[in-house]
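Remarks on the structure that follows.
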Amino acid sequence: MNLAIEARGLTRRFGSFTAVDAITFDVKPGEVFGFLGANGAGKTTAMRMLIGLLQPTAGEAWVAGYAVGKESELIKRRIGYMSQRFSLYDDLTVSENITLYGGIYGLGSTEIEDRRRQLVARLGLEGREGALVRSLPLGWKQQLAFSVALIHRPSVVFLDEPTGGVDPITRRKFWELIYETAAAGTAVLVTTHYLDEAEYCDRLTIMVDGRIAAYGTPTDVKRNAGAATLDDLFLRLTRPGASE
Amino acid sequence: MSAFAGFVAKEVRHILRDWQTLLILIGMPVSQVLLFGYAVRSDVRGIRVAFVEPAPDAATASIRARFTADGETFAVQGTVTHVDQLESRFRDGSVRQAVIFPPMFAQRLGAGERVPVQVVTDGSDPNSGGIMEADALAILRRWEAERLVGQVADVPQALRPARIDIATRMRFNPTLESVNLFVPGLVAYVLVIVSALMTAITIVREKEMGTMEMLLVSPLRPAQVVIGKLAPYVVLGFLDVILVLAVSQVVFHVPLRGSPLLLLIESLLYILTALSMGILISTSANTERVATLAALAGLMLPTLLLSGFIFPIAALPAPLRIISNVVPARWFVVIARGIMLKGAGFAELWRETLILASITAVFLIAGIRRLAVRLG
């Protein structure tokens, strides 16, 4: 199987509440895939199942070719993850964070050294390797967190609302990093609240009440629904009757 | 460098970088030993005593002289004729004790009468009050005993021996022995702070910062994450044990009569107990503040109050005495006192050790299971 992610009827129930209701979709290698939905629509639950933080109740899924819930350890080595909360240690330096995550993912010290140099050069952080992460501006921290999540060259990377709370210029820079990553062959699954960001995605889903309500390229999704913009479509799906 | 070693190294770096906390964790045990060692002396010095003598005579003067002679314990404040004259001085604290003689004291003693002597003591602080009372009674008793020996032929029932005997007094006034008693309790207390409170905080901090999720998504196993976070605190706790023992030995000459190795092994067991309590707290707490409050209220107070550290277990009311059975510090205090003061070995202490180990096992299993549920 060549897909980066494949989900078939993936379901998660909490008691009698169905958070994710038999969703089916796939993500190809090198694709930027948008995961949209209102708060509580089930995006985060779905993502948590795919990265191995939650067991699926029913259905099947594969990430990087390995079965979710059965081959978690193999999956963990091949995915990167950046949570919506900022996820580096701010009392460690840039360099120490890189060494830590490199070590956790089993890289050797020469590899870590190589990647540290590349990463620092790419983010323009030369001379700040010894600075505590705490002292960096938020935009830089997020780009650094993203790059560190990629330190082991994963085949799939999951980003949970990565651009919350940053200014438009920083968001733009962040998306450039996402494109660079996808161009190198890594699949990127990204949840977001910003519909303009959704337009940048190769393909997307919009989840409503645990189900996939729209699925395809931004253009297809809009055309199928007869909506002029993603904004329109999103409002119509998440608040039926609001834009009639 | 293996993933796990790198993770432990990171944890050590957290600890070293937060030097203020580290300073507290290392300085606190030392300052606590010194504080307890010097401040919690139950010896009372310079008791301000006054005499009430409606009619001074040879006998009252002789007793007064005894008090004056013991200048270290008593500071004689003078003599009045009526106890009412002392009322305001008792109230402002310039007099804390009064010895009240009846009129015609010497004469009635000579006649073989039973003559009452009253000792009034400021009891606003029951601890020092009891000690002051015992000090005065000791002098009166000695005087009476010597008088009896001098006048065997004519045995008057003058002053009956005080009911509080000297042995009781020694228990409350053991300058050095109180240090000996509290050091084991202090070790238990310090370890609750370093091991339980700090591990609860360090785990909850990762949850709060969102880094815990990153770790759980990584190839590190949850058990490795937990062990990696705790390992440095085991070392730190051990360091504190040695520090407390060293300071109490060098400064206060607290004895270590049993095997030092056994004491260290038992301390290690108790460190694990404290860690497991820390894990248990971290599974329920979602913020550092909650974790801190839970550890303070749920662990530190019972360790202080229900372990026999400050108040003897036997003195607790029955419900608290029953509760104290599940306070791990209680058993550790018995073990440590046994080894340090009595020179007890494993043969005498295996029962307490077994209880402590069982409590630890229950806490650890519960903690790890709950952590696993939270993470799964």
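We label chains A, B, ... in the order they appear in the structure tokens, count residues from 1 in each chain, and number ligands from 1 in the order shown.
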* Asked: chain B residues within 12 Å of chain A, counting only C-alpha atoms: which ones, as an NGL selection string?
  -> :B and (1-19 or 205-222 or 224-225 or 228 or 372-376)
With N, CA and C atoms kept, could you save the residues just selected as a compact mmCIF listing (two decimals), in the first residue's frame?
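After the write, result29.txt holds the following:
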```
# COMPACT_ATOMS: atom_id res chain seq x y z
N MET B 1 24.26 7.73 22.15
CA MET B 1 23.41 7.92 23.34
C MET B 1 22.04 7.31 23.09
N SER B 2 21.61 6.45 23.98
CA SER B 2 20.30 5.83 23.78
C SER B 2 19.20 6.84 24.04
N ALA B 3 18.01 6.54 23.51
CA ALA B 3 16.88 7.46 23.66
C ALA B 3 16.60 7.72 25.13
N PHE B 4 16.66 6.62 25.92
CA PHE B 4 16.32 6.75 27.34
C PHE B 4 17.35 7.59 28.09
N ALA B 5 18.64 7.33 27.80
CA ALA B 5 19.70 8.09 28.46
C ALA B 5 19.57 9.57 28.12
N GLY B 6 19.25 9.85 26.88
CA GLY B 6 19.07 11.24 26.47
C GLY B 6 17.92 11.89 27.22
N PHE B 7 16.90 11.09 27.44
CA PHE B 7 15.73 11.62 28.14
C PHE B 7 16.05 11.93 29.59
N VAL B 8 16.81 11.02 30.23
CA VAL B 8 17.21 11.26 31.62
C VAL B 8 18.11 12.50 31.69
N ALA B 9 19.01 12.62 30.70
CA ALA B 9 19.92 13.77 30.67
C ALA B 9 19.11 15.07 30.61
N LYS B 10 18.05 15.05 29.84
CA LYS B 10 17.19 16.23 29.72
C LYS B 10 16.56 16.57 31.07
N GLU B 11 16.14 15.52 31.78
CA GLU B 11 15.49 15.73 33.08
C GLU B 11 16.49 16.34 34.07
N VAL B 12 17.72 15.83 34.02
CA VAL B 12 18.76 16.36 34.90
C VAL B 12 19.00 17.83 34.57
N ARG B 13 18.99 18.14 33.27
CA ARG B 13 19.21 19.52 32.85
C ARG B 13 18.11 20.44 33.39
N HIS B 14 16.85 19.96 33.33
CA HIS B 14 15.74 20.74 33.91
C HIS B 14 16.04 21.09 35.35
N ILE B 15 16.51 20.08 36.10
CA ILE B 15 16.73 20.27 37.53
C ILE B 15 17.87 21.24 37.76
N LEU B 16 18.99 21.06 37.02
CA LEU B 16 20.15 21.90 37.23
C LEU B 16 19.86 23.33 36.79
N ARG B 17 19.04 23.47 35.72
CA ARG B 17 18.80 24.82 35.21
C ARG B 17 17.92 25.62 36.15
N ASP B 18 17.00 24.93 36.80
CA ASP B 18 16.14 25.63 37.75
C ASP B 18 16.87 25.70 39.09
N TRP B 19 17.95 26.51 39.14
CA TRP B 19 18.85 26.45 40.30
C TRP B 19 18.19 26.93 41.57
N ARG B 205 3.80 19.18 35.05
CA ARG B 205 4.32 20.26 34.21
C ARG B 205 4.37 19.83 32.75
N GLU B 206 4.78 18.59 32.50
CA GLU B 206 4.84 18.12 31.11
C GLU B 206 3.44 18.05 30.51
N LYS B 207 2.48 17.64 31.36
CA LYS B 207 1.10 17.60 30.86
C LYS B 207 0.64 19.01 30.51
N GLU B 208 0.96 19.93 31.41
CA GLU B 208 0.50 21.31 31.23
C GLU B 208 1.14 21.96 30.01
N MET B 209 2.43 21.67 29.79
CA MET B 209 3.13 22.29 28.67
C MET B 209 2.81 21.63 27.34
N GLY B 210 2.16 20.47 27.37
CA GLY B 210 1.85 19.79 26.13
C GLY B 210 2.98 18.91 25.65
N THR B 211 4.10 18.89 26.39
CA THR B 211 5.22 18.06 25.96
C THR B 211 4.96 16.58 26.26
N MET B 212 4.07 16.31 27.23
CA MET B 212 3.77 14.91 27.55
C MET B 212 3.22 14.20 26.32
N GLU B 213 2.34 14.88 25.59
CA GLU B 213 1.78 14.28 24.37
C GLU B 213 2.88 13.95 23.36
N MET B 214 3.81 14.89 23.23
CA MET B 214 4.92 14.66 22.30
C MET B 214 5.69 13.41 22.68
N LEU B 215 5.89 13.23 24.00
CA LEU B 215 6.65 12.08 24.47
C LEU B 215 5.89 10.79 24.23
N LEU B 216 4.57 10.85 24.41
CA LEU B 216 3.77 9.63 24.26
C LEU B 216 3.62 9.23 22.80
N VAL B 217 3.72 10.22 21.91
CA VAL B 217 3.65 9.92 20.48
C VAL B 217 5.00 9.41 19.99
N SER B 218 6.05 9.70 20.78
CA SER B 218 7.39 9.28 20.37
C SER B 218 7.59 7.79 20.66
N PRO B 219 8.69 7.23 20.17
CA PRO B 219 8.92 5.79 20.42
C PRO B 219 9.22 5.46 21.88
N LEU B 220 9.42 6.45 22.73
CA LEU B 220 9.61 6.14 24.15
C LEU B 220 8.34 5.50 24.69
N ARG B 221 8.51 4.46 25.52
CA ARG B 221 7.33 3.85 26.14
C ARG B 221 6.93 4.66 27.37
N PRO B 222 5.62 4.62 27.70
CA PRO B 222 5.18 5.38 28.87
C PRO B 222 5.98 5.04 30.12
N GLN B 224 9.06 4.15 30.28
CA GLN B 224 10.37 4.82 30.17
C GLN B 224 10.25 6.30 30.52
N VAL B 225 9.15 6.90 30.07
CA VAL B 225 8.95 8.32 30.36
C VAL B 225 8.87 8.52 31.87
N GLY B 228 12.22 7.65 33.57
CA GLY B 228 13.20 8.66 33.21
C GLY B 228 13.00 9.95 33.98
N ALA B 372 -1.62 4.88 33.07
CA ALA B 372 -1.82 4.19 31.80
C ALA B 372 -3.20 4.51 31.24
N VAL B 373 -4.21 4.52 32.12
CA VAL B 373 -5.57 4.84 31.67
C VAL B 373 -5.62 6.25 31.12
N ARG B 374 -4.97 7.18 31.86
CA ARG B 374 -4.99 8.58 31.42
C ARG B 374 -4.29 8.73 30.08
N LEU B 375 -3.24 7.97 29.90
CA LEU B 375 -2.46 8.13 28.67
C LEU B 375 -3.12 7.40 27.52
N GLY B 376 -3.75 6.26 27.83
CA GLY B 376 -4.38 5.48 26.74
C GLY B 376 -5.59 6.21 26.21
```
* **Contacts of A:Gly42 at 6 Å (only C-alpha atoms; same-chain gap of 5+ positions) as a list in words** =>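 My list of contacting residues is Ala19, Val20 and Gly210 of chain A.
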* Residues near B:Val333, cut-off 7 Å, only C-alpha atoms, skip fewer than 4 positions along chain, as number ranges by chain -> B: 184-185, 188, 307, 329, 337
Would you export the selected residues with N, CA and C atoms as a tab-separated table (two decimals), in the first residue's frame, please?
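part-v5.tsv was written with the following content:
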```tsv
chain	number	residue	atom	x	y	z
B	184	PRO	N	14.82	11.17	62.36
B	184	PRO	CA	14.16	10.21	61.47
B	184	PRO	C	12.89	10.79	60.85
B	185	GLY	N	12.11	11.51	61.65
B	185	GLY	CA	10.89	12.12	61.13
B	185	GLY	C	11.21	13.16	60.08
B	188	ALA	N	11.83	11.64	56.77
B	188	ALA	CA	10.56	11.27	56.13
B	188	ALA	C	9.90	12.50	55.52
B	307	SER	N	2.76	10.87	61.86
B	307	SER	CA	3.83	9.89	61.70
B	307	SER	C	4.55	9.62	63.01
B	329	ALA	N	4.99	7.41	56.32
B	329	ALA	CA	6.04	8.00	57.16
B	329	ALA	C	6.04	7.39	58.56
B	337	ARG	N	14.09	5.29	63.53
B	337	ARG	CA	14.42	5.44	64.95
B	337	ARG	C	15.02	4.15	65.50
```
Selection: 6 Å around A:Thr93, only C-alpha atoms, excl. self and same-chain fewer than 3 positions, as a PDB file with C-alpha atoms, in the first residue's frame:
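Output saved as around_29.pdb:
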```
ATOM      1  CA  GLU A  96      19.353  20.840  23.591  1.00  0.00           C
ATOM      2  CA  GLY A 130      22.602  28.299  22.836  1.00  0.00           C
ATOM      3  CA  ALA A 131      19.581  30.509  23.549  1.00  0.00           C
ATOM      4  CA  LEU A 132      16.806  29.192  25.761  1.00  0.00           C
ATOM      5  CA  VAL A 133      13.703  28.462  23.720  1.00  0.00           C
TER       6      VAL A 133
END
```
* Selection near stretch 339-345 of chain B, 6 Å with only C-alpha atoms, sequence-local residues under 6 positions removed, as JSON, numbers by chain -> {"B": [256, 257, 258]}
* List the neighbours of B:Asp125 out to 12 Å using only C-alpha atoms; skip same-chain residues closer than 3 positions along the sequence, and give me the result as number ranges by chain. => B: 42, 44, 93, 96, 121-122, 128-133
* **Pick from B:Ser284, B:Ile139, B:Ile335, B:Ile365, whichever lies nearest to B:Ala347 using only C-alpha atoms** => B:Ile335
* **All strand (DSSP E) residues (DSSP, backbone) inside stretch 6-144 of chain A, as a ChimeraX atom specification** => /A:6-14,17-27,32-37,58-63,66-67,79-82
* **For atom CA of B:Lys229 and atom CA of A:His152, the interatomic separation in Å (one decimal)** =>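 Atom CA of A:His152 lies at a distance of 22.9 Å from atom CA of B:Lys229.
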* Asked: Quick one: DSSP alpha helix (DSSP H) residues in stretch 88-203 of chain A, as a PyMOL selection string?
  -> chain A and resi 94-104+109-123+138-149+168-183+195-199
Residues just named, written with C-alpha atoms as a PDB file, in the first residue's frame:
```pdb
ATOM      1  CA  VAL A  94      17.520  25.346  20.871  1.00  0.00           C
ATOM      2  CA  SER A  95      20.397  22.923  20.585  1.00  0.00           C
ATOM      3  CA  GLU A  96      19.353  20.840  23.591  1.00  0.00           C
ATOM      4  CA  ASN A  97      15.821  20.441  22.283  1.00  0.00           C
ATOM      5  CA  ILE A  98      17.180  19.208  18.972  1.00  0.00           C
ATOM      6  CA  THR A  99      19.525  16.749  20.700  1.00  0.00           C
ATOM      7  CA  LEU A 100      16.737  15.488  22.953  1.00  0.00           C
ATOM      8  CA  TYR A 101      14.249  14.749  20.181  1.00  0.00           C
ATOM      9  CA  GLY A 102      16.976  13.406  17.904  1.00  0.00           C
ATOM     10  CA  GLY A 103      17.977  11.042  20.695  1.00  0.00           C
ATOM     11  CA  ILE A 104      14.416   9.979  21.437  1.00  0.00           C
ATOM     12  CA  SER A 109      25.178  11.862  17.320  1.00  0.00           C
ATOM     13  CA  THR A 110      26.694  12.633  13.885  1.00  0.00           C
ATOM     14  CA  GLU A 111      23.228  12.533  12.348  1.00  0.00           C
ATOM     15  CA  ILE A 112      21.914  14.832  15.040  1.00  0.00           C
ATOM     16  CA  GLU A 113      24.841  17.177  14.442  1.00  0.00           C
ATOM     17  CA  ASP A 114      24.143  17.264  10.676  1.00  0.00           C
ATOM     18  CA  ARG A 115      20.468  17.922  11.096  1.00  0.00           C
ATOM     19  CA  ARG A 116      21.037  20.523  13.740  1.00  0.00           C
ATOM     20  CA  ARG A 117      23.198  22.464  11.305  1.00  0.00           C
ATOM     21  CA  GLN A 118      20.663  22.165   8.461  1.00  0.00           C
ATOM     22  CA  LEU A 119      17.773  23.075  10.688  1.00  0.00           C
ATOM     23  CA  VAL A 120      19.453  26.086  12.228  1.00  0.00           C
ATOM     24  CA  ALA A 121      20.465  27.333   8.779  1.00  0.00           C
ATOM     25  CA  ARG A 122      17.005  26.843   7.336  1.00  0.00           C
ATOM     26  CA  LEU A 123      15.320  28.768  10.153  1.00  0.00           C
ATOM     27  CA  LEU A 138       6.473  32.776  19.292  1.00  0.00           C
ATOM     28  CA  GLY A 139       6.728  32.552  15.513  1.00  0.00           C
ATOM     29  CA  TRP A 140      10.239  31.198  15.713  1.00  0.00           C
ATOM     30  CA  LYS A 141       9.314  28.781  18.450  1.00  0.00           C
ATOM     31  CA  GLN A 142       6.582  27.314  16.300  1.00  0.00           C
ATOM     32  CA  GLN A 143       8.809  26.930  13.279  1.00  0.00           C
ATOM     33  CA  LEU A 144      11.409  25.343  15.503  1.00  0.00           C
ATOM     34  CA  ALA A 145       8.815  22.979  17.006  1.00  0.00           C
ATOM     35  CA  PHE A 146       7.743  21.989  13.514  1.00  0.00           C
ATOM     36  CA  SER A 147      11.315  21.370  12.374  1.00  0.00           C
ATOM     37  CA  VAL A 148      12.054  19.351  15.503  1.00  0.00           C
ATOM     38  CA  ALA A 149       8.943  17.238  14.845  1.00  0.00           C
ATOM     39  CA  PRO A 168      -0.321  36.595   9.297  1.00  0.00           C
ATOM     40  CA  ILE A 169       3.289  36.973   8.185  1.00  0.00           C
ATOM     41  CA  THR A 170       4.455  34.230  10.512  1.00  0.00           C
ATOM     42  CA  ARG A 171       1.549  32.059   9.390  1.00  0.00           C
ATOM     43  CA  ARG A 172       2.644  32.550   5.776  1.00  0.00           C
ATOM     44  CA  LYS A 173       6.215  31.542   6.665  1.00  0.00           C
ATOM     45  CA  PHE A 174       4.912  28.518   8.477  1.00  0.00           C
ATOM     46  CA  TRP A 175       2.967  27.388   5.423  1.00  0.00           C
ATOM     47  CA  GLU A 176       6.074  27.772   3.317  1.00  0.00           C
ATOM     48  CA  LEU A 177       7.740  25.297   5.650  1.00  0.00           C
ATOM     49  CA  ILE A 178       4.763  22.949   5.259  1.00  0.00           C
ATOM     50  CA  TYR A 179       5.034  23.104   1.468  1.00  0.00           C
ATOM     51  CA  GLU A 180       8.770  22.483   1.554  1.00  0.00           C
ATOM     52  CA  THR A 181       8.162  19.444   3.724  1.00  0.00           C
ATOM     53  CA  ALA A 182       5.454  18.051   1.461  1.00  0.00           C
ATOM     54  CA  ALA A 183       7.592  18.672  -1.607  1.00  0.00           C
ATOM     55  CA  LEU A 195     -10.357  28.691   6.167  1.00  0.00           C
ATOM     56  CA  ASP A 196      -7.876  30.688   4.112  1.00  0.00           C
ATOM     57  CA  GLU A 197      -5.283  28.106   5.170  1.00  0.00           C
ATOM     58  CA  ALA A 198      -7.609  25.352   3.994  1.00  0.00           C
ATOM     59  CA  GLU A 199      -7.350  26.822   0.495  1.00  0.00           C
TER      60      GLU A 199
END
```
* **Spatial neighbours of stretch 60-74 of chain B, max dist 6 Å, only C-alpha atoms, sep filter under 4 positions, as an MDAnalysis selection string** => chainID B and resid 45:47
